[in-house]
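J.: Have a look at the structure that comes next, please.
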Amino acid sequence: MTMGAVRPSYVILVAALGGMVLAAASGCGGNEPARADSTAAASPSAPPTSPRDQLAGAAAAAKDRDLLALYTLRSAGREDRTVTVVRAQDGSWRVDIPGGALGGTADVAIVRDAEGLYQCGLPSISRPEPSTCVRVAEPDGQLEAATDPRVQHPFTDWPNILTDPRVALSVSIAKPLAEAQGTCYSVESTSASLAAPVDPGVYCYQPDGTLTAARLGFGTLTLTAPPGAAPARVDLPGPVVSGDPMSMQAPPEPPAGLDTPAPGST
């Protein structure tokens, strides 16, 4: 056979063999990157492992949690009370605290909206007057210690502190509190020279940021039922009036020998 007389069948055979070689080469080299990609895709990011990081994650969810919830408050030497917590969709909030002022004789609501922070007196058997509110600070302000029942803090500003890695706190997993759901964390301050930024104690959270229980200096809070839907905003329970907020201390006793007249007497 001469170079000028190559038969068509020979050309077709050579082309077919070349294609088989190329396909085999492609098959040998194409599987390795695919295995590397599938291995990388099967490695999700690791969840937080330290108790401090876990608590920060739960507190971050709590900051964004809108809810209406009821909690039982148990304090030494007092009857159980029902605390109502509302975190509205617009960022306003309200916490109703029975016996939260005047030595436990006055019911109060602590309310924050876009206009300010308020202490509102609520009607009760010992204080039947209509509800009124006193503006005590700007929206980002705080109550003074003498008028602060502290019960509102676990639902309002303390989650901001629990998420801040710069705050000197020691966090560990705690034994679950009675009736608590989720994970409980023991929180202590590690700075002896400064006032604790949050009350030391035990905080229990569900993954969605719901505080289910807390054992703190003022007592133990326990969620009584699953939270309900939050309203669009909270409203003040009464008009804003001038004056001073009610103190946490009980009112002074009347002077000795001064009889209080009976209702209806002259």
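FYI, nothing fancy with the structure tokens labels: chains A, B, ... in order, residues from 1 per chain, ligands from 1 as they appear.
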Might you pull out every residue within 10 Å of Val187 (chain A), with only C-alpha atoms counted and same-chain residues fewer than 6 positions away left off, and present them as a list in words?

T.: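 Final neighbour list, sorted by chain and number: Pro51, Arg52, Leu55, Leu162, Leu169, Ser170, Val171, Ser172, Ile173, Ala174, Val198, Asp199, Pro200, Gly201, Val202 and Tyr203 of chain A.
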
J.: DSSP on the backbone: which residues in region 50-232 of chain A end up as alpha helix (DSSP H)? Give the answer as a PyMOL selection string.

T.: chain A and resi 51-63+158-162

J.: Those selected residues, please, written with C-alpha atoms and delivered as a CSV table (one decimal), in the first residue's frame.

T.:
chain,number,residue,atom,x,y,z
A,51,PRO,CA,-21.1,27.7,76.7
A,52,ARG,CA,-20.3,31.4,76.3
A,53,ASP,CA,-20.8,31.2,72.6
A,54,GLN,CA,-23.9,29.1,72.9
A,55,LEU,CA,-25.5,31.6,75.3
A,56,ALA,CA,-24.5,34.5,73.0
A,57,GLY,CA,-26.4,32.8,70.2
A,58,ALA,CA,-29.5,32.2,72.3
A,59,ALA,CA,-29.4,35.8,73.5
A,60,ALA,CA,-29.0,37.1,70.0
A,61,ALA,CA,-32.1,35.2,69.0
A,62,ALA,CA,-33.9,36.7,72.1
A,63,LYS,CA,-33.1,40.2,70.9
A,158,TRP,CA,-29.6,42.1,79.3
A,159,PRO,CA,-29.7,40.0,76.0
A,160,ASN,CA,-27.6,42.9,74.5
A,161,ILE,CA,-25.0,42.3,77.3
A,162,LEU,CA,-25.0,38.5,77.0

J.: For the atom pair CA of Ala214 (chain A) and CA of Gly91 (chain A), what is the interatomic distance in Å to one decimal place?

T.: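 Going from CA of Ala214 (chain A) over to CA of Gly91 (chain A) covers 22.5 Å.
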
J.: Let me make sure I understand: among A:Gly77, A:Pro227, A:Gly141, A:Gly238, which one has the smallest atom-to-atom distance to Pro123 (chain A) if we use only C-alpha atoms?

T.: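 Using only C-alpha atoms, Pro123 (chain A) sits closest to A:Gly238.
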
J.: Find the spatial neighbours of region 142-144 of chain A, counting only C-alpha atoms, within a cut-off of 9 Å - ignore same-chain residues fewer than 4 positions away - and output them as a list in words.

T.: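 Listed by chain and then number, they are Leu117, Tyr118, Gln119, Val136, Ala137, Glu138, Asp148 and Pro149 of chain A.
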
J.: Write the selection just made, keeping N, CA and C atoms, as a PDB file, in the first residue's frame?

T.:
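Produced file part-v5.pdb, reproduced below:
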ATOM      1  N   LEU A 117     -39.017  55.999  78.087  1.00  0.00           N
ATOM      2  CA  LEU A 117     -39.149  54.901  79.046  1.00  0.00           C
ATOM      3  C   LEU A 117     -40.066  55.374  80.163  1.00  0.00           C
ATOM      4  N   TYR A 118     -41.024  54.530  80.548  1.00  0.00           N
ATOM      5  CA  TYR A 118     -42.061  54.939  81.495  1.00  0.00           C
ATOM      6  C   TYR A 118     -42.213  53.924  82.620  1.00  0.00           C
ATOM      7  N   GLN A 119     -42.572  54.445  83.794  1.00  0.00           N
ATOM      8  CA  GLN A 119     -43.110  53.625  84.869  1.00  0.00           C
ATOM      9  C   GLN A 119     -44.582  53.976  85.001  1.00  0.00           C
ATOM     10  N   VAL A 136     -39.648  58.480  82.624  1.00  0.00           N
ATOM     11  CA  VAL A 136     -38.477  58.501  83.493  1.00  0.00           C
ATOM     12  C   VAL A 136     -37.167  58.660  82.735  1.00  0.00           C
ATOM     13  N   ALA A 137     -37.163  58.421  81.412  1.00  0.00           N
ATOM     14  CA  ALA A 137     -35.904  58.492  80.669  1.00  0.00           C
ATOM     15  C   ALA A 137     -36.184  58.508  79.169  1.00  0.00           C
ATOM     16  N   GLU A 138     -35.133  58.741  78.411  1.00  0.00           N
ATOM     17  CA  GLU A 138     -35.193  58.595  76.961  1.00  0.00           C
ATOM     18  C   GLU A 138     -35.399  57.117  76.610  1.00  0.00           C
ATOM     19  N   ASP A 148     -36.212  50.802  90.288  1.00  0.00           N
ATOM     20  CA  ASP A 148     -36.047  49.729  89.304  1.00  0.00           C
ATOM     21  C   ASP A 148     -36.409  48.367  89.908  1.00  0.00           C
ATOM     22  N   PRO A 149     -37.500  47.716  89.460  1.00  0.00           N
ATOM     23  CA  PRO A 149     -37.839  46.383  89.973  1.00  0.00           C
ATOM     24  C   PRO A 149     -36.956  45.289  89.399  1.00  0.00           C
TER      25      PRO A 149
END

J.: One decimal, Å: what's the distance from CA of Ala178 (chain A) over to CA of Asp164 (chain A), could you say?

T.: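 So the two atoms, CA of Ala178 (chain A) and CA of Asp164 (chain A), lie 27.9 Å apart.
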
J.: So which one's closest to Ala145 (chain A), A:Cys120, A:Pro128, A:Ser242, A:Met248? Using only C-alpha atoms, please.

T.: A:Met248

J.: Determine which residues of region 11-244 of chain A receive a DSSP assignment of strand (DSSP E or B), computed from the backbone, and state them as a PyMOL selection string.

T.: chain A and resi 67-74+81-87+93-101+106-113+116-122+132-137+169-173+183-189+201-205+211-216+219-223+228+240

J.: Ala76 (chain A): which residues within 12 Å, counting only C-alpha atoms, same-chain residues fewer than 4 positions away excluded, as a VMD selection string?

T.: chain A and resid 80 to 81 215 to 220

J.: Identify, on the basis of only C-alpha atoms, every residue whose closest approach to Leu102 (chain A) does not exceed 10 Å; exclude the query and any residue fewer than 6 positions from it along the same chain; express the result as a PyMOL selection string.

T.: chain A and resi 108+147+246-252

J.: Pick out the closest residue to Asp107 (chain A) from this set: A:Leu73, A:Ala88, A:Ala196, A:Val83. Count only C-alpha atoms.

T.: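 Answer, going by the shortest atom-to-atom distance: A:Val83.
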
J.: Would you pick out the contacts of Ala225 (chain A) at 12 Å or less, using only C-alpha atoms, so that residues sharing its chain but fewer than 2 positions from it are not included, and give the list as a list in words?

T.: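 Final neighbour list, sorted by chain and number: Leu67, Leu68, Ala69, Leu70, Tyr71, Thr72, Thr82, Thr84, Glu179, Ala180, Gln181, Thr210, Leu211, Thr212, Ala213, Thr222, Leu223, Pro227 and Gly228 of chain A.
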
J.: Using only C-alpha atoms, which of the listed residues (A:Ser131, A:Gln206, A:Thr163, A:Ser186) sits closest to Val241 (chain A)?

T.: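 Using only C-alpha atoms, the shortest distance to Val241 (chain A) belongs to A:Ser131.
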